[in-house]
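Asker: The file below is protein_24.txt, compact mmCIF, C-alpha atoms:
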```txt
# COMPACT_ATOMS: atom_id res chain seq x y z
CA MET L 1 -12.27 26.46 -208.92
CA GLN L 2 -8.60 25.44 -209.32
CA THR L 3 -6.08 27.95 -207.94
CA GLN L 4 -3.91 29.60 -210.60
CA ILE L 5 -0.27 29.15 -209.65
CA SER L 6 2.52 31.12 -211.28
CA LEU L 7 5.04 28.78 -212.91
CA ASN L 8 7.69 31.44 -212.45
CA ALA L 9 6.98 31.54 -208.73
CA VAL L 10 7.30 27.74 -208.56
CA ARG L 11 10.64 27.97 -210.35
CA VAL L 12 11.87 30.67 -207.96
CA PHE L 13 10.80 28.49 -205.02
CA ALA L 14 12.67 25.45 -206.39
CA ILE L 15 15.87 27.46 -206.89
CA THR L 16 15.58 28.92 -203.39
CA VAL L 17 15.16 25.40 -201.99
CA ARG L 18 18.29 24.26 -203.81
CA HIS L 19 20.35 27.10 -202.32
CA MET L 20 18.43 27.47 -199.07
CA SER L 21 19.29 31.12 -199.46
CA VAL L 22 17.26 33.98 -200.88
CA THR L 23 20.46 35.88 -201.66
CA ASN L 24 22.04 33.02 -203.61
CA ALA L 25 18.79 32.29 -205.44
CA ALA L 26 18.58 35.95 -206.43
CA ALA L 27 22.16 35.82 -207.74
CA GLU L 28 21.37 32.79 -209.94
CA LEU L 29 18.21 34.42 -211.26
CA ASN L 30 19.92 37.78 -211.70
CA VAL L 31 17.21 39.56 -209.73
CA SER L 32 17.11 41.28 -206.34
CA PRO L 33 16.56 39.32 -203.10
CA GLY L 34 13.39 41.35 -202.64
CA ALA L 35 12.04 40.03 -205.95
CA VAL L 36 12.69 36.44 -204.80
CA SER L 37 10.96 37.05 -201.47
CA HIS L 38 8.00 38.62 -203.29
CA GLN L 39 7.59 35.55 -205.53
CA ILE L 40 7.75 33.16 -202.58
CA LYS L 41 5.20 35.15 -200.57
CA ALA L 42 2.91 35.24 -203.59
CA LEU L 43 3.23 31.46 -203.94
CA GLU L 44 2.51 30.93 -200.27
CA GLY L 45 -0.56 33.12 -200.61
CA ALA L 46 -1.80 31.20 -203.64
CA LEU L 47 -1.26 27.84 -201.93
CA GLY L 48 -2.56 28.96 -198.55
CA VAL L 49 0.38 27.41 -196.71
CA GLN L 50 3.71 28.56 -195.33
CA LEU L 51 6.63 27.10 -197.25
CA PHE L 52 9.65 28.44 -195.36
CA LEU L 53 10.54 29.16 -191.79
CA ARG L 54 12.67 32.25 -191.50
CA SER L 55 14.94 32.62 -188.47
CA ASN L 56 18.07 34.72 -188.03
CA ASN L 57 18.45 35.17 -191.78
CA ALA L 58 18.36 31.40 -192.22
CA LEU L 59 15.78 29.40 -194.15
CA SER L 60 14.28 26.01 -193.50
CA LEU L 61 11.36 24.23 -195.09
CA THR L 62 8.10 23.70 -193.27
CA PRO L 63 6.54 20.22 -193.58
CA ASP L 64 4.19 21.67 -196.23
CA GLY L 65 7.17 23.25 -197.99
CA ALA L 66 9.10 19.97 -198.00
CA ARG L 67 6.13 18.05 -199.43
CA PHE L 68 5.61 20.71 -202.09
CA ALA L 69 9.30 20.75 -203.02
CA ASN L 70 9.41 16.96 -203.38
CA GLY L 71 6.20 16.95 -205.40
CA ILE L 72 7.17 19.57 -207.95
CA GLN L 73 10.74 18.45 -208.64
CA PRO L 74 9.91 15.61 -211.09
CA GLY L 75 7.66 17.94 -213.06
CA LEU L 76 10.32 20.66 -213.18
CA ASP L 77 12.92 18.13 -214.33
CA LEU L 78 10.59 16.99 -217.11
CA LEU L 79 9.93 20.61 -218.08
CA ASP L 80 13.68 21.31 -218.26
CA GLN L 81 14.17 18.23 -220.44
CA SER L 82 11.37 19.33 -222.76
CA ILE L 83 12.78 22.84 -223.04
CA HIS L 84 16.24 21.43 -223.77
CA SER L 85 14.83 19.09 -226.41
CA ALA L 86 12.85 21.88 -228.08
CA THR L 87 15.84 24.23 -228.01
CA ARG L 88 18.11 21.54 -229.40
CA GLY L 89 15.71 20.93 -232.28
CA ALA L 90 15.49 24.64 -232.98
CA ASN L 91 19.28 24.80 -233.30
CA GLU L 92 19.59 21.78 -235.60
CA LEU L 93 19.61 22.05 -239.38
CA ASN L 94 19.58 18.98 -241.62
CA LEU L 95 20.71 19.49 -245.21
CA ASN L 96 20.67 17.17 -248.22
CA VAL L 97 22.95 18.67 -250.86
CA SER L 98 24.32 17.72 -254.26
CA LEU L 99 27.78 16.32 -253.53
CA THR L 100 29.85 18.55 -255.80
CA LEU L 101 27.98 21.69 -254.74
CA ALA L 102 28.58 20.77 -251.11
CA MET L 103 32.31 20.15 -251.62
CA ARG L 104 33.15 23.01 -253.94
CA TRP L 105 30.75 25.77 -252.91
CA LEU L 106 28.71 25.27 -249.75
CA VAL L 107 31.13 23.77 -247.22
CA PRO L 108 33.89 26.38 -247.79
CA ARG L 109 31.32 29.08 -246.97
CA LEU L 110 29.63 27.49 -243.96
CA GLU L 111 31.91 29.13 -241.42
CA ARG L 112 30.41 32.49 -242.40
CA PHE L 113 26.98 31.24 -241.35
CA LYS L 114 28.38 29.65 -238.17
CA ALA L 115 29.98 32.96 -237.24
CA ARG L 116 26.51 34.53 -237.25
CA HIS L 117 24.80 31.54 -235.62
CA PRO L 118 27.36 29.87 -233.32
CA ARG L 119 24.77 27.62 -231.65
CA ALA L 120 23.61 26.12 -234.94
CA ARG L 121 24.34 22.41 -235.42
CA ILE L 122 24.44 21.61 -239.13
CA ARG L 123 24.25 18.07 -240.49
CA ILE L 124 24.92 17.55 -244.19
CA GLU L 125 24.02 14.49 -246.24
CA THR L 126 25.08 14.46 -249.88
CA HIS L 127 23.70 12.88 -253.02
CA SER L 128 24.92 12.54 -256.58
CA GLY L 129 22.81 12.83 -259.69
CA GLU L 130 19.74 14.93 -260.27
CA VAL L 131 17.18 13.22 -258.03
CA PRO L 132 18.13 12.94 -254.35
CA PRO L 133 17.18 9.83 -252.38
CA ASP L 134 14.41 9.97 -249.81
CA SER L 135 15.21 13.15 -247.91
CA ALA L 136 12.19 13.35 -245.64
CA SER L 137 14.43 14.17 -242.67
CA ALA L 138 16.07 17.11 -244.46
CA ASP L 139 15.06 20.65 -243.59
CA ILE L 140 16.56 21.87 -246.87
CA THR L 141 17.37 19.86 -249.99
CA ILE L 142 19.52 21.41 -252.72
CA CYS L 143 19.51 19.35 -255.90
CA TYR L 144 20.58 19.75 -259.50
CA CYS L 145 17.84 20.06 -262.13
CA ARG L 146 18.43 19.99 -265.87
CA GLY L 147 16.97 22.68 -268.08
CA VAL L 148 15.60 26.16 -267.55
CA PRO L 149 13.58 26.50 -264.32
CA ASP L 150 9.90 27.37 -264.46
CA GLU L 151 8.46 30.41 -262.72
CA LYS L 152 7.40 28.44 -259.64
CA ALA L 153 10.82 26.89 -259.02
CA ASP L 154 12.82 28.02 -255.99
CA VAL L 155 16.20 28.51 -257.66
CA LEU L 156 19.44 28.92 -255.76
CA MET L 157 21.80 29.31 -258.73
CA LEU L 158 21.82 28.78 -262.48
CA ASP L 159 24.29 26.40 -264.08
CA CYS L 160 25.92 28.43 -266.87
CA SER L 161 28.70 26.09 -267.93
CA GLN L 162 31.82 26.70 -269.97
CA PRO L 163 34.84 24.52 -270.88
CA LEU L 164 37.87 25.12 -268.68
CA VAL L 165 41.45 23.88 -268.99
CA SER L 166 44.75 24.22 -267.22
CA PRO L 167 46.99 26.96 -268.64
CA THR L 168 49.70 24.37 -269.30
CA LEU L 169 47.38 22.22 -271.42
CA LEU L 170 46.09 25.28 -273.26
CA ASP L 171 49.65 26.33 -274.13
CA ARG L 172 50.48 22.83 -275.34
CA LEU L 173 47.36 21.97 -277.36
CA GLY L 174 45.90 25.36 -278.24
CA SER L 175 42.27 26.42 -278.02
CA ASP L 176 40.77 24.30 -280.80
CA LEU L 177 37.85 22.44 -279.20
CA SER L 178 38.50 19.22 -281.08
CA SER L 179 42.17 19.08 -280.12
CA ILE L 180 41.66 18.97 -276.34
CA PRO L 181 40.46 15.79 -274.59
CA ALA L 182 37.04 16.31 -272.99
CA LEU L 183 36.45 14.96 -269.49
CA GLN L 184 33.17 13.11 -269.08
CA CYS L 185 31.25 13.37 -265.82
CA ALA L 186 27.59 13.25 -266.86
CA LYS L 187 25.67 10.22 -268.06
CA ASP L 188 25.71 9.97 -271.88
CA ASN L 189 27.63 13.27 -272.00
CA TRP L 190 24.32 15.13 -272.19
CA ASP L 191 25.93 18.28 -270.79
CA TRP L 192 28.60 18.43 -273.47
CA HIS L 193 26.08 17.70 -276.23
CA GLU L 194 23.65 20.38 -275.01
CA TRP L 195 26.47 22.86 -274.56
CA GLN L 196 27.72 22.22 -278.11
CA ALA L 197 24.23 22.64 -279.57
CA ALA L 198 23.56 25.89 -277.68
CA ALA L 199 27.02 27.24 -278.50
CA GLY L 200 26.59 26.50 -282.21
CA LEU L 201 29.45 23.98 -282.13
CA ALA L 202 27.54 20.73 -282.66
CA ASP L 203 29.69 19.90 -285.68
CA GLN L 204 32.85 19.79 -283.56
CA GLN L 205 33.98 16.22 -282.78
CA LEU L 206 34.94 15.80 -279.13
CA SER L 207 37.33 13.17 -277.84
CA PHE L 208 36.44 11.69 -274.45
CA ASP L 209 39.54 10.14 -272.92
CA ALA L 210 38.46 9.86 -269.29
CA ARG L 211 35.20 9.42 -267.40
CA PHE L 212 34.43 10.38 -263.80
CA ASP L 213 31.36 9.77 -261.66
CA LEU L 214 31.87 13.02 -259.72
CA ASP L 215 32.13 16.53 -261.11
CA ASP L 216 34.71 17.36 -258.44
CA ALA L 217 36.98 14.57 -259.67
CA ALA L 218 36.68 15.84 -263.24
CA VAL L 219 37.60 19.37 -262.11
CA ARG L 220 40.66 18.03 -260.31
CA ALA L 221 41.63 16.08 -263.42
CA ALA L 222 41.37 19.27 -265.47
CA VAL L 223 43.60 21.08 -262.99
CA ALA L 224 46.10 18.24 -263.40
CA GLY L 225 46.10 18.79 -267.16
CA MET L 226 44.19 15.67 -268.24
CA GLY L 227 41.69 17.57 -270.38
CA MET L 228 38.96 20.18 -270.38
CA VAL L 229 36.04 20.11 -267.97
CA LEU L 230 32.59 21.60 -268.47
CA SER L 231 31.57 23.43 -265.32
CA PRO L 232 29.63 26.44 -264.05
CA LEU L 233 32.13 29.17 -263.31
CA PHE L 234 30.97 29.68 -259.70
CA MET L 235 31.94 26.06 -258.96
CA VAL L 236 35.57 26.60 -260.01
CA GLN L 237 36.05 30.26 -259.11
CA ASP L 238 38.88 29.51 -256.68
CA ASP L 239 40.70 27.53 -259.38
CA ILE L 240 40.25 30.41 -261.83
CA ASN L 241 41.39 33.02 -259.31
CA SER L 242 44.50 30.99 -258.48
CA GLY L 243 45.33 30.40 -262.15
CA ARG L 244 44.89 26.63 -261.98
CA LEU L 245 42.12 26.77 -264.61
CA VAL L 246 41.21 29.21 -267.37
CA PRO L 247 38.06 29.37 -269.52
CA LEU L 248 38.66 28.06 -273.01
CA PRO L 249 39.01 31.18 -275.22
CA GLY L 250 36.43 31.97 -277.84
CA VAL L 251 33.59 29.79 -276.56
CA PRO L 252 30.55 30.90 -274.51
CA ALA L 253 29.06 29.92 -271.17
CA VAL L 254 25.71 28.21 -271.76
CA PRO L 255 22.80 27.68 -269.30
CA LEU L 256 22.31 23.94 -268.85
CA GLY L 257 20.37 23.66 -265.61
CA HIS L 258 19.99 25.02 -262.10
CA TYR L 259 20.29 24.17 -258.44
CA GLY L 260 16.87 24.16 -256.82
CA ILE L 261 15.82 24.35 -253.18
CA GLN L 262 13.19 22.10 -251.62
CA LEU L 263 12.02 22.77 -248.06
CA GLY L 264 11.12 20.03 -245.60
CA PRO L 265 8.09 20.05 -243.31
CA ARG L 266 9.90 21.41 -240.23
CA ASP L 267 9.56 25.19 -240.33
CA THR L 268 12.11 26.77 -237.97
CA GLY L 269 13.63 30.18 -237.61
CA LEU L 270 17.08 28.70 -238.22
CA ARG L 271 15.96 27.17 -241.52
CA ASN L 272 14.59 30.51 -242.69
CA GLN L 273 17.78 32.29 -241.65
CA PHE L 274 19.85 29.72 -243.54
CA CYS L 275 17.74 30.16 -246.68
CA ASP L 276 18.23 33.93 -246.48
CA TRP L 277 21.97 33.42 -246.05
CA LEU L 278 22.07 31.01 -249.01
CA GLY L 279 20.43 33.64 -251.18
CA ARG L 280 22.99 36.26 -250.20
CA GLU L 281 25.90 33.90 -250.84
CA ALA L 282 24.47 32.85 -254.19
CA GLY L 283 24.20 36.51 -255.13
CA LYS L 284 27.96 36.85 -254.66
CA ALA L 285 28.73 33.88 -256.94
```
In structure tokens, write the structure found in this file.
Answerer:
Amino acid sequence: MQTQISLNAVRVFAITVRHMSVTNAAAELNVSPGAVSHQIKALEGALGVQLFLRSNNALSLTPDGARFANGIQPGLDLLDQSIHSATRGANELNLNVSLTLAMRWLVPRLERFKARHPRARIRIETHSGEVPPDSASADITICYCRGVPDEKADVLMLDCSQPLVSPTLLDRLGSDLSSIPALQCAKDNWDWHEWQAAAGLADQQLSFDARFDLDDAAVRAAVAGMGMVLSPLFMVQDDINSGRLVPLPGVPAVPLGHYGIQLGPRDTGLRNQFCDWLGREAGKA
């Protein structure tokens, strides 16, 4: 029957060999010298050989001890590498996030999560449009979905959009919807058309003077006074708070879609903690 050897005792032995001192090994392990001596004696008993010669408070390896030390070191090195690799993976989080959401909402808040999880290494890839590219490597994908979510959807936030303008443009052109240039940032202007229909303003003729392929660019154009942008309020809250943008008076915010969460196959504690944190942050929006 194969002898059962304590891995902890082997580790204590290897550290003692490196220091050639029970006292120094105990200091590294943060245990008492007696605990180190106990582990080594237990290992010697399990192996049936003497590993150290002890003379005048000095240690030296016996021939059996030297052979054992040389034999176990490659395995211990491999074990350390495996532990490091597993720990590294546990501290990594790969995200695939809608570009505008990443720029305007997620990234400015990430430091709050890092403060709670300083060892976390977060990698963010972004996508534009509703359907993200192949994101098999992502632990969490956050993408935009048109329409009202069904009951099974994992929803981060709803997109309740409203026209917003700069105060300067509002003062100059007034609040009449048809008098303010609309900024286009969605294909075929579906968002504006759906917003008009839901708001009961489908008969209003909009003038589209500029088109952008990114929502963030359209928001910046609105801040610069180029026209009105249709955006969920949580995405432009900083601009509203600072007075750079104001909601167009007399028109409602309308639900147009939502940001949904898709989880990848790698289930880690860090991923679950990040999802919980996302939910709390979304609740503040």
Asker: Give as a VMD selection string each residue that has an atom at most 12 Å from (13.0, 21.7, -192.2) in the file, counting all atoms listed in the file.
Answerer: chain L and resid 17 20 50 to 55 58 to 67 69
Asker: Would you save the residues from that selection as a PDB file, keeping the file's coordinate frame, using C-alpha atoms?
Answerer:
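Contents of the output file again_8.pdb:
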```
ATOM      1  CA  VAL L  17      15.160  25.400-201.990  1.00  0.00           C
ATOM      2  CA  MET L  20      18.430  27.470-199.070  1.00  0.00           C
ATOM      3  CA  GLN L  50       3.710  28.560-195.330  1.00  0.00           C
ATOM      4  CA  LEU L  51       6.630  27.100-197.250  1.00  0.00           C
ATOM      5  CA  PHE L  52       9.650  28.440-195.360  1.00  0.00           C
ATOM      6  CA  LEU L  53      10.540  29.160-191.790  1.00  0.00           C
ATOM      7  CA  ARG L  54      12.670  32.250-191.500  1.00  0.00           C
ATOM      8  CA  SER L  55      14.940  32.620-188.470  1.00  0.00           C
ATOM      9  CA  ALA L  58      18.360  31.400-192.220  1.00  0.00           C
ATOM     10  CA  LEU L  59      15.780  29.400-194.150  1.00  0.00           C
ATOM     11  CA  SER L  60      14.280  26.010-193.500  1.00  0.00           C
ATOM     12  CA  LEU L  61      11.360  24.230-195.090  1.00  0.00           C
ATOM     13  CA  THR L  62       8.100  23.700-193.270  1.00  0.00           C
ATOM     14  CA  PRO L  63       6.540  20.220-193.580  1.00  0.00           C
ATOM     15  CA  ASP L  64       4.190  21.670-196.230  1.00  0.00           C
ATOM     16  CA  GLY L  65       7.170  23.250-197.990  1.00  0.00           C
ATOM     17  CA  ALA L  66       9.100  19.970-198.000  1.00  0.00           C
ATOM     18  CA  ARG L  67       6.130  18.050-199.430  1.00  0.00           C
ATOM     19  CA  ALA L  69       9.300  20.750-203.020  1.00  0.00           C
TER      20      ALA L  69
END
```
Asker: Which of these, L:Gly71, L:Pro252, L:Pro108, L:Gly283, has the shortest distance to Ala197 (chain L) once you count all atoms listed in the file?
Answerer: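 Among the listed residues, the smallest separation from Ala197 (chain L) belongs to L:Pro252.
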Asker: For Leu101 (chain L), which residue out of L:Asp150, L:Asp203, L:Glu194, L:Asp216 is the nearest one, using all atoms listed in the file?
Answerer: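 The answer is L:Asp216, which sits nearest to Leu101 (chain L).
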Asker: Hey, which of L:Ser161, L:Asn241, L:Asn272, L:Gln39 ends up closest to Ala26 (chain L)? Count all atoms listed in the file.
Answerer: L:Gln39
Asker: Report the distance between CA of Leu76 (chain L) and CA of Leu47 (chain L) in Å, rounded to one decimal place.
Answerer: 17.7 Å
Asker: Write out as a PyMOL selection string which residues come within 12 Å of Lys284 (chain L) when counting only C-alpha atoms, dropping same-chain ones fewer than 3 positions away.
Answerer: chain L and resi 105+109+156-157+234+237+277-281
Asker: I'd like the neighbourhood of Ile15 (chain L) as a PyMOL selection string, where a residue qualifies if any of its atoms comes within 10 Å (using only C-alpha atoms), though same-chain residues fewer than 5 positions away should be ignored.
Answerer: chain L and resi 9-10+20-22+24-26+28-29+36
